[in-house]
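Chemist: Dropping the structure in here first, questions after.
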Amino acid sequence: MKRLMLALLASGALVWSLGAVAATAAEAQQAINSAKAAMAKTEAIHYQWLATPKLLEEAEAADKAGKYDEAVAKAEHAQKLAELAYEQGESQAKKYGVRLTKEGVSLD
């Protein structure tokens, strides 16, 4: 009886925790919008990495297919890549004494 009770409690906790971590459509859309915003900032200085738009497309496809967990993961990955690309662009500009603007590279 004790084992049965422990098994029921463990399985109940597992089912409850799985439901708590599943992403919703709203969360997926929010992650995609955050990735788009980070990418727009990076594109403004002409320093977008090639993998980032592909990841965003995959996130949007997963969102349309109802795979919200996958959409969130890919969108967050795209956002992180965009942020890292921006940091790299700023670092390189500082190193070489230039500014990255909407028009491209500008000498200081």
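Lettering and numbering for the structure tokens are positional, with chains as A, B, ... in the shown order, residues counted from 1 in each chain, and ligands counted from 1 in the shown order.
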For range 39-52 of chain A, list every protein, DNA or RNA residue within 10 Å, evaluated using only C-alpha atoms, and leave out those in the same chain fewer than 3 positions away; present the list as a PyMOL selection string.
Modeler: chain A and resi 33-36+55-58+74-75+77-90+99-105
Chemist: Pull the strand (DSSP E) assignments for range 54-105 of chain A out of DSSP run on the backbone, and list those residues as a list in words.
Modeler: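 Selection result, strand (DSSP E) within range 54-105 of chain A: Val98, Arg99, Leu100, Thr101, Gly104 and Val105 of chain A.
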Chemist: Can those selected residues be exported to a file as a PDB file, in the first residue's frame so that it contains C-alpha atoms?
Modeler:
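And here is the file that came out, selection-v2.pdb:
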ATOM      1  CA  VAL A  98      34.734  53.211 -35.957  1.00  0.00           C
ATOM      2  CA  ARG A  99      31.017  53.549 -35.282  1.00  0.00           C
ATOM      3  CA  LEU A 100      28.346  51.207 -36.589  1.00  0.00           C
ATOM      4  CA  THR A 101      25.325  53.190 -37.710  1.00  0.00           C
ATOM      5  CA  GLY A 104      26.951  51.237 -42.040  1.00  0.00           C
ATOM      6  CA  VAL A 105      30.470  51.858 -40.754  1.00  0.00           C
TER       7      VAL A 105
END
Chemist: Give me the residues within 9 Å of Asp69 in chain A as a list in words, counting only C-alpha atoms and dropping any in the same chain fewer than 6 places off.
Modeler: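 Near Asp69 in chain A, the qualifying residues are Val21, Ala22, Ala23, Thr24, Glu27, Ala28, Ala62 and Asp63 of chain A.
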Chemist: Go ahead and save the picked residues with N, CA and C atoms, as an mmCIF file, in the first residue's frame.
Modeler:
data_model
loop_
_atom_site.group_PDB
_atom_site.id
_atom_site.type_symbol
_atom_site.label_atom_id
_atom_site.label_comp_id
_atom_site.auth_asym_id
_atom_site.auth_seq_id
_atom_site.Cartn_x
_atom_site.Cartn_y
_atom_site.Cartn_z
ATOM 1 N N VAL A 21 5.450 23.370 -17.251
ATOM 2 C CA VAL A 21 6.545 23.851 -18.079
ATOM 3 C C VAL A 21 6.194 23.943 -19.560
ATOM 4 N N ALA A 22 5.031 23.468 -19.943
ATOM 5 C CA ALA A 22 4.640 23.523 -21.350
ATOM 6 C C ALA A 22 4.351 24.969 -21.741
ATOM 7 N N ALA A 23 4.936 25.388 -22.844
ATOM 8 C CA ALA A 23 4.755 26.760 -23.313
ATOM 9 C C ALA A 23 3.392 26.910 -23.980
ATOM 10 N N THR A 24 2.868 28.114 -23.921
ATOM 11 C CA THR A 24 1.589 28.420 -24.550
ATOM 12 C C THR A 24 1.837 29.192 -25.843
ATOM 13 N N GLU A 27 3.141 32.642 -25.045
ATOM 14 C CA GLU A 27 4.557 32.658 -24.684
ATOM 15 C C GLU A 27 5.440 32.508 -25.912
ATOM 16 N N ALA A 28 5.015 31.662 -26.832
ATOM 17 C CA ALA A 28 5.778 31.482 -28.069
ATOM 18 C C ALA A 28 5.792 32.785 -28.867
ATOM 19 N N ALA A 62 7.477 26.484 -36.113
ATOM 20 C CA ALA A 62 7.075 25.660 -34.966
ATOM 21 C C ALA A 62 5.845 26.250 -34.294
ATOM 22 N N ASP A 63 5.782 27.567 -34.205
ATOM 23 C CA ASP A 63 4.619 28.240 -33.622
ATOM 24 C C ASP A 63 3.364 27.931 -34.440
#
